[in-house]
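Novice: Sharing run_7.cif (mmCIF, C-alpha atoms) below.
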```cif
data_entry
#
loop_
_atom_site.label_atom_id
_atom_site.label_comp_id
_atom_site.auth_asym_id
_atom_site.auth_seq_id
_atom_site.Cartn_x
_atom_site.Cartn_y
_atom_site.Cartn_z
CA MET M 1 95.20 122.39 84.02
CA THR M 2 94.65 118.63 84.21
CA THR M 3 97.83 117.71 82.35
CA PRO M 4 99.94 117.16 85.52
CA HIS M 5 97.27 114.80 86.87
CA ARG M 6 97.10 112.89 83.58
CA LEU M 7 100.88 112.45 83.55
CA ALA M 8 101.12 111.54 87.24
CA TRP M 9 100.91 107.82 86.43
CA LEU M 10 104.02 108.16 84.24
CA LYS M 11 105.98 109.50 87.19
CA SER M 12 104.64 107.15 89.84
CA GLY M 13 104.33 103.82 87.99
CA LEU M 14 107.54 101.80 88.14
CA LEU M 15 106.27 99.57 85.32
CA TRP M 16 105.85 102.53 82.97
CA ARG M 17 109.11 104.12 84.07
CA THR M 18 110.94 100.89 83.29
CA PHE M 19 109.09 100.53 79.99
CA PHE M 20 109.84 104.05 78.80
CA LEU M 21 113.48 103.78 79.90
CA MET M 22 113.87 100.56 77.91
CA ALA M 23 111.95 102.07 74.98
CA PHE M 24 114.24 105.10 75.00
CA LEU M 25 117.37 102.93 75.09
CA ILE M 26 116.03 100.72 72.29
CA THR M 27 115.18 103.77 70.16
CA VAL M 28 118.62 105.32 70.67
CA SER M 29 120.29 101.99 69.93
CA MET M 30 118.33 101.55 66.70
CA VAL M 31 119.07 105.09 65.53
CA VAL M 32 122.79 104.66 66.25
CA TRP M 33 122.79 101.25 64.57
CA VAL M 34 121.08 102.51 61.41
CA ALA M 35 123.39 105.52 61.20
CA SER M 36 126.47 103.36 61.73
CA PHE M 37 125.26 100.80 59.18
CA ARG M 38 124.67 103.40 56.50
CA ILE M 39 128.13 104.88 57.07
CA VAL M 40 129.94 101.55 57.12
CA GLU M 41 128.13 100.00 54.15
CA ARG M 42 128.55 103.09 51.91
CA GLY M 43 131.94 102.06 50.46
CA PRO M 44 131.17 98.37 49.86
CA ARG M 45 127.80 99.25 48.35
CA ALA M 46 129.35 101.77 45.99
CA GLN M 47 131.92 99.20 44.86
CA GLN M 48 129.26 96.52 44.40
CA LEU M 49 127.01 98.80 42.33
CA ALA M 50 129.96 100.04 40.30
CA ALA M 51 131.01 96.45 39.52
CA GLN M 52 127.46 95.60 38.50
CA ILE M 53 127.13 98.66 36.22
CA ILE M 54 130.54 98.08 34.64
CA SER M 55 129.64 94.43 33.96
CA VAL M 56 126.33 95.38 32.35
CA VAL M 57 127.92 98.08 30.17
CA THR M 58 130.83 95.86 29.14
CA ILE M 59 128.65 92.87 28.27
CA THR M 60 126.10 95.02 26.44
CA ARG M 61 128.79 96.80 24.42
CA ALA M 62 130.44 93.48 23.54
CA ALA M 63 127.10 91.97 22.50
CA LEU M 64 126.27 94.93 20.27
CA THR M 65 129.78 95.04 18.78
CA HIS M 66 129.95 91.37 17.83
CA SER M 67 126.36 90.88 16.76
CA ALA M 68 125.29 90.91 13.14
CA PRO M 69 123.76 94.25 12.04
CA ASP M 70 120.50 92.60 11.03
CA LEU M 71 120.15 90.99 14.47
CA ARG M 72 120.84 94.09 16.60
CA ARG M 73 117.20 95.22 16.65
CA GLU M 74 116.15 91.82 18.02
CA LEU M 75 119.02 91.92 20.56
CA LEU M 76 117.96 95.36 21.81
CA PHE M 77 114.39 94.12 22.18
CA ASP M 78 115.55 91.09 24.24
CA LEU M 79 117.70 93.30 26.48
CA ALA M 80 114.78 95.67 27.16
CA SER M 81 112.14 92.99 27.75
CA ASN M 82 114.18 90.41 29.68
CA GLU M 83 116.92 92.40 31.45
CA GLY M 84 115.36 95.86 31.75
CA ILE M 85 118.31 97.34 29.79
CA ARG M 86 117.55 99.95 27.14
CA ILE M 87 120.01 101.41 24.67
CA TYR M 88 119.52 104.89 23.11
CA PRO M 89 121.79 106.99 20.93
CA LEU M 90 123.36 109.94 22.74
CA GLU M 91 122.52 113.24 21.09
CA GLU M 92 124.02 116.63 21.75
CA ASN M 93 120.62 118.16 22.42
CA ASP M 94 119.49 115.56 24.95
CA LYS M 95 117.79 117.04 27.98
CA ILE M 96 119.77 115.70 30.92
CA GLU M 97 119.10 115.85 34.66
CA PRO M 98 121.99 115.19 37.08
CA PRO M 99 121.91 111.98 39.15
CA PRO M 100 120.43 112.14 42.66
CA ASP M 101 122.64 113.61 45.35
CA SER M 102 123.32 110.72 47.69
CA ALA M 103 126.21 109.57 49.85
CA VAL M 104 126.95 106.61 47.53
CA MET M 105 126.88 108.46 44.17
CA PRO M 106 130.32 110.21 44.31
CA GLU M 107 132.12 106.96 45.07
CA LEU M 108 130.02 105.12 42.47
CA GLU M 109 130.87 107.64 39.73
CA ALA M 110 134.57 107.52 40.62
CA GLU M 111 134.68 103.71 40.45
CA VAL M 112 132.83 103.57 37.09
CA ARG M 113 134.88 106.35 35.44
CA ALA M 114 138.08 104.66 36.57
CA ARG M 115 137.10 101.63 34.45
CA LEU M 116 135.02 103.08 31.62
CA GLY M 117 136.77 106.41 31.17
CA ASN M 118 136.47 109.93 32.51
CA GLU M 119 134.09 110.96 29.71
CA THR M 120 131.39 108.65 31.11
CA LYS M 121 128.22 110.57 31.90
CA PHE M 122 125.52 109.86 34.48
CA SER M 123 121.96 111.08 34.55
CA ALA M 124 118.71 110.55 36.44
CA SER M 125 116.56 111.49 33.43
CA VAL M 126 117.13 111.89 29.70
CA ASN M 127 114.46 113.65 27.70
CA ASP M 128 112.07 113.32 30.65
CA ILE M 129 112.49 109.55 30.82
CA GLY M 130 113.46 108.57 34.35
CA GLY M 131 115.91 105.85 35.24
CA PHE M 132 119.60 105.33 35.87
CA TRP M 133 121.42 106.51 32.73
CA ILE M 134 125.09 105.93 31.90
CA SER M 135 126.93 106.68 28.68
CA PHE M 136 129.36 104.45 26.76
CA THR M 137 130.98 104.44 23.32
CA ILE M 138 131.16 101.97 20.42
CA ASP M 139 133.57 102.90 17.66
CA GLU M 140 133.46 106.63 18.43
CA ASP M 141 129.64 106.54 18.62
CA GLN M 142 128.08 107.42 21.97
CA TYR M 143 125.07 105.69 23.48
CA TRP M 144 122.94 105.81 26.59
CA LEU M 145 122.37 102.67 28.66
CA MET M 146 119.36 102.95 30.93
CA LEU M 147 118.73 100.72 33.96
CA ASP M 148 115.73 100.66 36.26
CA ARG M 149 116.36 102.70 39.39
CA ASP M 150 115.45 99.75 41.60
CA ARG M 151 118.56 97.93 40.41
CA VAL M 152 120.81 100.76 41.58
CA GLU M 153 119.12 102.67 44.36
CA ARG M 154 118.85 101.41 47.90
CA SER M 155 115.51 100.81 49.57
CA SER M 156 113.27 103.83 49.63
CA GLY M 157 112.81 105.96 52.70
CA PHE M 158 109.26 104.67 53.06
CA GLN M 159 110.49 101.08 53.11
CA TRP M 160 113.08 101.99 55.72
CA PHE M 161 110.32 103.63 57.73
CA GLN M 162 108.17 100.49 57.49
CA TRP M 163 110.99 98.24 58.59
CA ALA M 164 111.99 100.57 61.41
CA THR M 165 108.37 100.83 62.57
CA ALA M 166 107.94 97.05 62.60
CA ALA M 167 111.22 96.58 64.44
CA MET M 168 110.31 99.33 66.89
CA LEU M 169 106.88 97.84 67.63
CA LEU M 170 108.36 94.41 68.21
CA SER M 171 111.04 95.92 70.43
CA LEU M 172 108.46 97.89 72.43
CA LEU M 173 106.33 94.77 72.89
CA GLY M 174 109.42 92.99 74.13
CA ALA M 175 110.21 95.92 76.43
CA MET M 176 106.66 95.83 77.81
CA PHE M 177 106.92 92.09 78.44
CA VAL M 178 110.31 92.44 80.15
CA SER M 179 109.10 95.41 82.23
CA ALA M 180 106.02 93.51 83.36
CA LEU M 181 108.13 90.46 84.15
CA ILE M 182 110.57 92.55 86.20
CA ASN M 183 107.84 94.46 88.06
CA GLN M 184 105.47 91.53 88.61
CA PRO M 185 107.06 90.45 91.94
CA LEU M 186 106.96 94.05 93.17
CA ALA M 187 103.31 94.45 92.11
CA ARG M 188 102.44 91.19 93.88
CA LEU M 189 104.23 92.41 97.02
CA THR M 190 102.40 95.75 96.84
CA ALA M 191 99.02 94.03 96.56
CA ALA M 192 99.82 91.78 99.52
CA THR M 193 100.94 94.79 101.58
CA ARG M 194 97.68 96.60 100.84
CA ALA M 195 95.74 93.50 101.89
CA VAL M 196 97.58 93.44 105.21
CA ALA M 197 96.90 97.16 105.68
CA LYS M 198 93.17 96.46 105.20
CA GLY M 199 93.25 93.70 107.78
CA GLU M 200 92.87 90.96 105.19
CA GLN M 201 94.78 87.71 104.89
CA PRO M 202 96.98 87.83 101.74
CA ASP M 203 98.08 84.78 99.81
CA ARG M 204 101.60 83.68 100.56
CA LEU M 205 104.14 85.12 98.16
CA PRO M 206 106.16 82.59 96.15
CA GLU M 207 109.60 82.16 97.66
CA THR M 208 111.23 81.56 94.28
CA GLY M 209 113.03 83.60 91.64
CA PRO M 210 116.08 85.83 91.93
CA THR M 211 117.83 85.93 95.31
CA GLU M 212 116.65 89.46 96.16
CA ILE M 213 112.99 88.69 95.31
CA GLU M 214 113.13 85.37 97.13
CA GLU M 215 114.52 86.97 100.31
CA ALA M 216 112.02 89.84 100.18
CA ASN M 217 109.06 87.46 99.75
CA ARG M 218 110.32 85.16 102.50
CA SER M 219 110.70 88.13 104.89
CA PHE M 220 107.21 89.37 104.03
CA ASN M 221 105.66 85.94 104.59
CA GLN M 222 107.45 85.73 107.94
CA MET M 223 106.13 89.18 108.86
CA VAL M 224 102.55 88.17 108.01
CA ASP M 225 102.91 85.00 110.10
CA ASP M 226 104.25 87.02 113.03
CA LEU M 227 101.39 89.52 112.77
CA GLN M 228 98.84 86.70 112.74
CA ARG M 229 100.52 85.12 115.73
CA VAL M 230 100.51 88.41 117.62
CA ASP M 231 96.85 88.98 116.74
CA ALA M 232 95.93 85.46 117.80
CA ASP M 233 97.89 85.79 121.07
CA ARG M 234 96.18 89.10 121.79
CA ALA M 235 92.77 87.56 121.16
CA ILE M 236 93.57 84.64 123.47
CA ILE M 237 94.82 86.98 126.20
CA LEU M 238 91.75 89.21 125.93
CA ALA M 239 89.42 86.24 125.95
CA GLY M 240 91.21 84.66 128.92
CA ILE M 241 91.28 87.82 131.02
CA SER M 242 87.66 88.64 130.18
CA HIS M 243 86.50 85.13 131.09
CA ASP M 244 88.42 85.13 134.37
CA LEU M 245 86.99 88.51 135.37
CA ARG M 246 83.38 87.48 134.80
CA THR M 247 83.32 85.21 137.87
CA PRO M 248 84.49 87.80 140.49
CA ILE M 249 82.19 90.42 138.97
CA SER M 250 79.21 88.09 139.30
CA ARG M 251 80.23 87.40 142.93
CA MET M 252 80.55 91.10 143.63
CA LEU M 253 77.07 91.74 142.20
CA LEU M 254 75.64 89.09 144.54
CA GLU M 255 77.44 90.58 147.54
CA VAL M 256 76.15 94.05 146.67
CA GLU M 257 72.61 92.71 146.59
CA MET M 258 73.00 91.09 150.00
CA ALA M 259 74.98 93.86 151.67
CA TYR M 260 73.36 96.45 153.93
CA LEU M 261 73.82 99.51 151.74
CA SER M 262 71.84 102.58 150.95
CA ASP M 263 69.88 102.55 147.71
CA GLU M 264 72.14 105.24 146.26
CA ALA M 265 75.32 103.31 147.08
CA ARG M 266 73.87 100.02 145.83
CA THR M 267 72.73 101.64 142.55
CA GLY M 268 76.14 103.23 141.99
CA MET M 269 78.03 100.00 142.63
CA GLN M 270 75.67 98.02 140.41
CA SER M 271 76.15 100.60 137.63
CA ASP M 272 79.94 100.36 137.91
CA LEU M 273 79.87 96.57 137.88
CA ALA M 274 77.48 96.56 134.89
CA GLN M 275 79.84 98.89 133.04
CA MET M 276 82.76 96.57 133.81
CA ASP M 277 80.73 93.61 132.57
CA GLY M 278 79.92 95.49 129.37
CA ILE M 279 83.60 96.27 128.76
CA ILE M 280 84.47 92.62 129.29
CA GLY M 281 81.76 91.71 126.80
CA GLN M 282 83.37 94.04 124.26
CA PHE M 283 86.73 92.34 124.84
CA LEU M 284 85.13 88.98 124.14
CA ASP M 285 83.39 90.30 121.03
CA TYR M 286 86.64 91.75 119.71
CA ALA M 287 88.62 88.57 120.40
CA LYS M 288 85.97 86.21 119.11
CA PRO M 289 86.91 84.62 115.74
CA THR M 290 84.44 84.41 112.90
CA ASP M 291 83.39 81.01 111.59
CA ILE M 292 82.73 81.44 107.88
CA SER M 293 80.85 78.15 107.81
CA SER M 294 78.18 79.77 109.98
CA PHE M 295 77.33 82.31 107.26
CA THR M 296 73.79 82.11 105.92
CA ALA M 297 71.68 84.22 103.58
CA ILE M 298 70.22 87.21 105.43
CA ASP M 299 67.39 89.39 104.19
CA MET M 300 68.87 92.79 105.07
CA THR M 301 65.60 94.54 104.29
CA ASP M 302 63.72 92.76 107.08
CA PHE M 303 66.85 92.67 109.24
CA LEU M 304 67.35 96.46 109.21
CA ARG M 305 63.66 97.11 109.78
CA ASP M 306 63.79 94.85 112.82
CA VAL M 307 66.84 96.74 114.13
CA GLU M 308 64.98 99.97 113.48
CA GLN M 309 61.92 98.82 115.46
CA ASN M 310 64.06 97.78 118.43
CA ALA M 311 65.82 101.15 118.43
CA ALA M 312 62.51 103.02 118.17
CA ARG M 313 61.54 101.66 121.61
CA HIS M 314 63.75 104.33 123.14
CA THR M 315 61.62 107.39 123.75
CA ASP M 316 64.48 109.75 122.93
CA VAL M 317 65.08 108.31 119.43
CA GLU M 318 63.41 109.18 116.14
CA ILE M 319 64.47 107.08 113.15
CA HIS M 320 63.99 108.06 109.52
CA SER M 321 64.59 105.11 107.24
CA ARG M 322 64.76 104.45 103.52
CA ILE M 323 65.43 100.76 102.93
CA ALA M 324 65.26 99.12 99.51
CA GLU M 325 63.62 95.77 98.93
CA ASN M 326 65.27 92.39 98.26
CA LEU M 327 68.65 93.11 99.82
CA TYR M 328 70.45 89.87 100.69
CA VAL M 329 73.91 89.25 102.12
CA GLU M 330 75.76 86.19 103.33
CA GLY M 331 76.92 86.45 106.92
CA ASN M 332 76.49 85.74 110.59
CA GLU M 333 73.20 87.29 111.71
CA THR M 334 74.24 87.56 115.36
CA GLU M 335 77.42 89.48 114.54
CA LEU M 336 75.69 91.76 112.04
CA ARG M 337 72.94 92.51 114.56
CA ARG M 338 75.63 93.46 117.07
CA VAL M 339 77.18 95.77 114.44
CA PHE M 340 74.03 97.73 113.65
CA THR M 341 72.82 97.73 117.25
CA ASN M 342 76.14 99.25 118.31
CA LEU M 343 75.96 101.87 115.56
CA ILE M 344 72.38 102.84 116.49
CA GLU M 345 73.33 102.99 120.16
CA ASN M 346 76.41 105.05 119.42
CA ALA M 347 74.30 107.50 117.39
CA ARG M 348 71.70 107.63 120.17
CA ARG M 349 74.31 108.50 122.76
CA TYR M 350 76.41 111.03 120.88
CA GLY M 351 74.34 112.16 117.87
CA LYS M 352 71.87 114.53 119.44
CA ALA M 353 71.69 118.01 117.95
CA ASP M 354 72.22 120.94 120.31
CA ASP M 355 68.68 122.31 120.08
CA ALA M 356 66.83 118.98 119.69
CA THR M 357 64.73 117.12 122.24
CA VAL M 358 65.20 113.73 120.57
CA VAL M 359 67.98 112.05 118.62
CA VAL M 360 67.21 111.83 114.90
CA ILE M 361 68.90 108.91 113.16
CA ASP M 362 68.78 108.40 109.39
CA VAL M 363 69.06 104.82 108.11
CA THR M 364 69.32 104.19 104.37
CA ALA M 365 70.03 100.95 102.47
CA THR M 366 70.36 100.89 98.70
CA LEU M 367 71.63 98.54 96.03
CA GLN M 368 74.58 99.67 93.90
CA HIS M 369 75.52 97.12 91.24
CA ASP M 370 76.62 94.04 93.23
CA LYS M 371 77.01 95.90 96.54
CA ILE M 372 74.64 96.91 99.32
CA LEU M 373 75.29 100.40 100.65
CA ILE M 374 74.03 101.02 104.22
CA ASP M 375 74.32 104.46 105.80
CA ILE M 376 73.57 105.32 109.44
CA SER M 377 73.76 109.05 110.17
CA ASP M 378 73.07 111.28 113.16
CA HIS M 379 72.79 115.06 113.61
CA GLY M 380 75.30 115.50 116.40
CA PRO M 381 78.64 117.35 116.58
CA GLY M 382 80.44 114.87 114.34
CA VAL M 383 84.12 113.95 114.56
CA PRO M 384 87.22 115.96 113.56
CA GLU M 385 88.45 114.91 110.12
CA ASP M 386 91.95 114.12 111.39
CA GLU M 387 90.52 111.73 113.99
CA MET M 388 88.45 109.60 111.59
CA GLU M 389 91.07 106.94 111.02
CA ARG M 390 92.09 106.79 114.68
CA LEU M 391 88.47 106.25 115.71
CA LEU M 392 88.51 102.80 114.08
CA ARG M 393 91.53 101.63 116.04
CA PRO M 394 90.98 99.39 119.07
CA PHE M 395 91.12 100.94 122.56
CA THR M 396 90.69 104.44 121.12
CA ARG M 397 88.23 106.97 122.59
CA LEU M 398 87.62 110.47 121.26
CA ASP M 399 86.60 112.16 124.48
CA THR M 400 86.65 115.68 123.07
CA ALA M 401 84.90 114.88 119.82
CA ARG M 402 81.71 113.15 120.85
CA GLY M 403 81.80 113.27 124.62
CA GLN M 404 83.06 109.72 125.08
CA ALA M 405 84.05 109.46 128.68
CA ASN M 406 83.23 105.80 129.25
CA GLY M 407 83.76 102.50 127.46
CA SER M 408 86.76 100.55 126.29
CA GLY M 409 87.23 102.22 122.92
CA LEU M 410 86.35 98.99 121.12
CA GLY M 411 82.90 99.89 119.79
CA LEU M 412 83.75 101.00 116.25
CA ALA M 413 86.82 98.72 116.20
CA ILE M 414 84.49 95.73 116.70
CA VAL M 415 82.15 97.04 114.01
CA ASN M 416 85.04 97.47 111.57
CA ARG M 417 86.42 94.03 112.39
CA VAL M 418 83.07 92.30 111.81
CA VAL M 419 82.45 94.21 108.57
CA LYS M 420 85.85 93.14 107.22
CA ARG M 421 85.10 89.53 108.17
CA HIS M 422 82.01 89.82 105.95
CA ASN M 423 84.15 91.12 103.02
CA GLY M 424 82.72 94.59 103.49
CA LYS M 425 84.08 98.09 103.94
CA LEU M 426 83.38 100.74 106.57
CA LYS M 427 83.77 104.46 106.04
CA LEU M 428 83.24 107.42 108.36
CA TYR M 429 82.51 110.95 107.21
CA ASN M 430 80.85 114.09 108.55
CA ARG M 431 77.55 115.10 107.01
CA SER M 432 77.34 118.47 105.31
CA GLY M 433 74.46 119.47 107.60
CA GLY M 434 76.22 118.27 110.74
CA GLY M 435 76.54 114.85 112.30
CA LEU M 436 78.51 111.66 111.73
CA SER M 437 77.69 109.14 109.01
CA VAL M 438 78.83 105.53 109.12
CA GLN M 439 78.74 103.94 105.68
CA ILE M 440 78.95 100.16 105.35
CA THR M 441 79.33 98.37 102.02
CA LEU M 442 78.54 94.64 101.90
CA PRO M 443 78.65 92.31 98.88
CA LEU M 444 75.28 91.19 97.56
CA ALA M 445 74.56 87.50 98.12
CA ARG M 446 74.62 85.29 95.05
CA ASN M 447 71.30 84.23 93.53
CA GLY M 448 69.43 86.72 95.64
CA GLY M 449 70.14 84.82 98.84
CA LYS M 450 68.47 81.63 97.61
#
```
How would this structure read if it were set down as structure tokens?
Specialist:
Amino acid sequence: MTTPHRLAWLKSGLLWRTFFLMAFLITVSMVVWVASFRIVERGPRAQQLAAQIISVVTITRAALTHSAPDLRRELLFDLASNEGIRIYPLEENDKIEPPPDSAVMPELEAEVRARLGNETKFSASVNDIGGFWISFTIDEDQYWLMLDRDRVERSSGFQWFQWATAAMLLSLLGAMFVSALINQPLARLTAATRAVAKGEQPDRLPETGPTEIEEANRSFNQMVDDLQRVDADRAIILAGISHDLRTPISRMLLEVEMAYLSDEARTGMQSDLAQMDGIIGQFLDYAKPTDISSFTAIDMTDFLRDVEQNAARHTDVEIHSRIAENLYVEGNETELRRVFTNLIENARRYGKADDATVVVIDVTATLQHDKILIDISDHGPGVPEDEMERLLRPFTRLDTARGQANGSGLGLAIVNRVVKRHNGKLKLYNRSGGGLSVQITLPLARNGGK
């Protein structure tokens, strides 16, 4: 059942596809090479072995023929001990086994019989003594000459297997190295693309190497520069417009105070102007850059409890918290306070259960390895699953999901932007019992914030 999932990486990974393609081609090439070699070298090997056997038989027969009878025993002993050549008389009742059936043996027998005579016999064992046996005659007497099989037979199948395995392993290591070398620029480009998708600033790709890789990396670097320029221009525009609007809004608020209006009209106009000022403030928060040099160690345990106490001042809010001790992060306290204040306020506005008189907000903060996991949950209607990702985009409002009729649509976008600036991650999901949960993961400060 899980086999397709286990093999999915083989289908999706270009590195492994390249590796297995090269491994397959190397394996086929080696098999074809070995087969071709064994076919081509069969004839020359048979001739070489035949020449060697003929020389041994001829020299041995000449030595025995011309040696003194009283010295033959010593000669036979020297041949057996020094050369591995043994001579035995050929008897009619010898128990003979035929030579091994190999591709070289027919040609070998033909070559030897052409020189030593057609009556020459071959055997793999005589009287249960293994070796390479060949017959010859001296003055009408027949003898057996036995050689060690290693002098005649090719390398054993096990030796071939060892050599092939070693060659295959070296070839596969080379294929892995080549595959990694080929796919390294693509993997680097993929990692940089993912960083851009997460809103991070990737390292510039090296504009070197093959022409195609060089052009692709140069185009990607140009794209990243253009995106940064567009983002910077947008931030400048938002900041400029927001700053220029603050002055007329302040003047309008003063005129409303001094004008002869009814209390209802004055209250309505002041509410509209305050809402406009709040939207402008969100624009400024979204466009404001983060100065990393301003980061300091923050005790998130005390920080979250302080945020909790401020939120508990609202009479319509009930907060249930579970905050671990000694949680430290490095960051800008003002920006992080804005993040959690916005999340609490968002839950207070839109997280009320249908049959509840107050808004219940759950705040948890736990330590997981080298990360701090903070979860802020409400008990409201939640958000449709297909709208989760869109909710984090700037200038996006989900009017039907959580009753958002006002605002600029920058609330969660600002939160997500600040969290990313602090090397954290933000995740939205609907609780099983109803309500929206906002999960923030921040890296733990080094040395416990000291």
Novice: Care to translate the PyMOL selection byres ((chain M and resi 18-22) around 9) into actual residues of this file, as a ChimeraX atom specification?
Specialist: /M:10,13-17,23-27,172,175-180,182-183
Novice: Using the chain letters and numbers from the file, give me the residues hit by the PyMOL selection byres ((chain M and resi 308) around 12), as a PyMOL selection string.
Specialist: chain M and resi 300-307+309-314+317-323+337+340-341+343-345+361-364+376
Novice: Can you turn the PyMOL selection byres ((chain M and resi 356) around 12) into a concrete residue list for this file, as a list in words?
Specialist: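 Taken on the displayed file, the PyMOL selection byres ((chain M and resi 356) around 12) yields the residues Asp316, Val317, Glu318, Gly351, Lys352, Ala353, Asp354, Asp355, Thr357, Val358, Val359, Val360, Asp378, His379 and Gly380 of chain M.
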Novice: Nearest residue to Ser123 (chain M) out of M:Pro100, M:Gly84, M:Pro185, M:Gly331, using all atoms listed in the file?
Specialist: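 Ranked by minimum distance to Ser123 (chain M), first place goes to M:Pro100.
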Novice: List the neighbours of Glu385 (chain M) out to 9 Å using only C-alpha atoms; skip same-chain residues closer than 3 positions along the sequence, and give me the result as a ChimeraX atom specification.
Specialist: /M:388-389,429-430
Novice: From the set M:Val415, M:Ile85, M:Leu261, M:Met276, which residue has the shortest atom-to-atom contact distance to Pro248 (chain M), counting all atoms listed in the file?
Specialist: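 Counting all atoms listed in the file, the residue closest to Pro248 (chain M) is M:Met276.
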Novice: Quick one: distance from CA of Asp225 (chain M) to CA of Leu412 (chain M) in Å, one decimal?
Specialist: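 Spanning CA of Asp225 (chain M) to CA of Leu412 (chain M) is a straight-line distance of 25.7 Å.
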Novice: Each side padded by 5 Å, which centre and which edge lengths in Å (one decimal) define the axis-aligned box around the listed atoms of region 29-38 of chain M? Give them as JSON.
Specialist:
```
{"center_x": 122.4, "center_y": 103.2, "center_z": 63.2, "size_x": 18.1, "size_y": 14.7, "size_z": 23.4}
```
Novice: CA of Arg338 (chain M) and CA of Thr296 (chain M), how far apart in Å?
Specialist: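 Result for CA of Thr296 (chain M) versus CA of Arg338 (chain M): 16.0 Å, one decimal.
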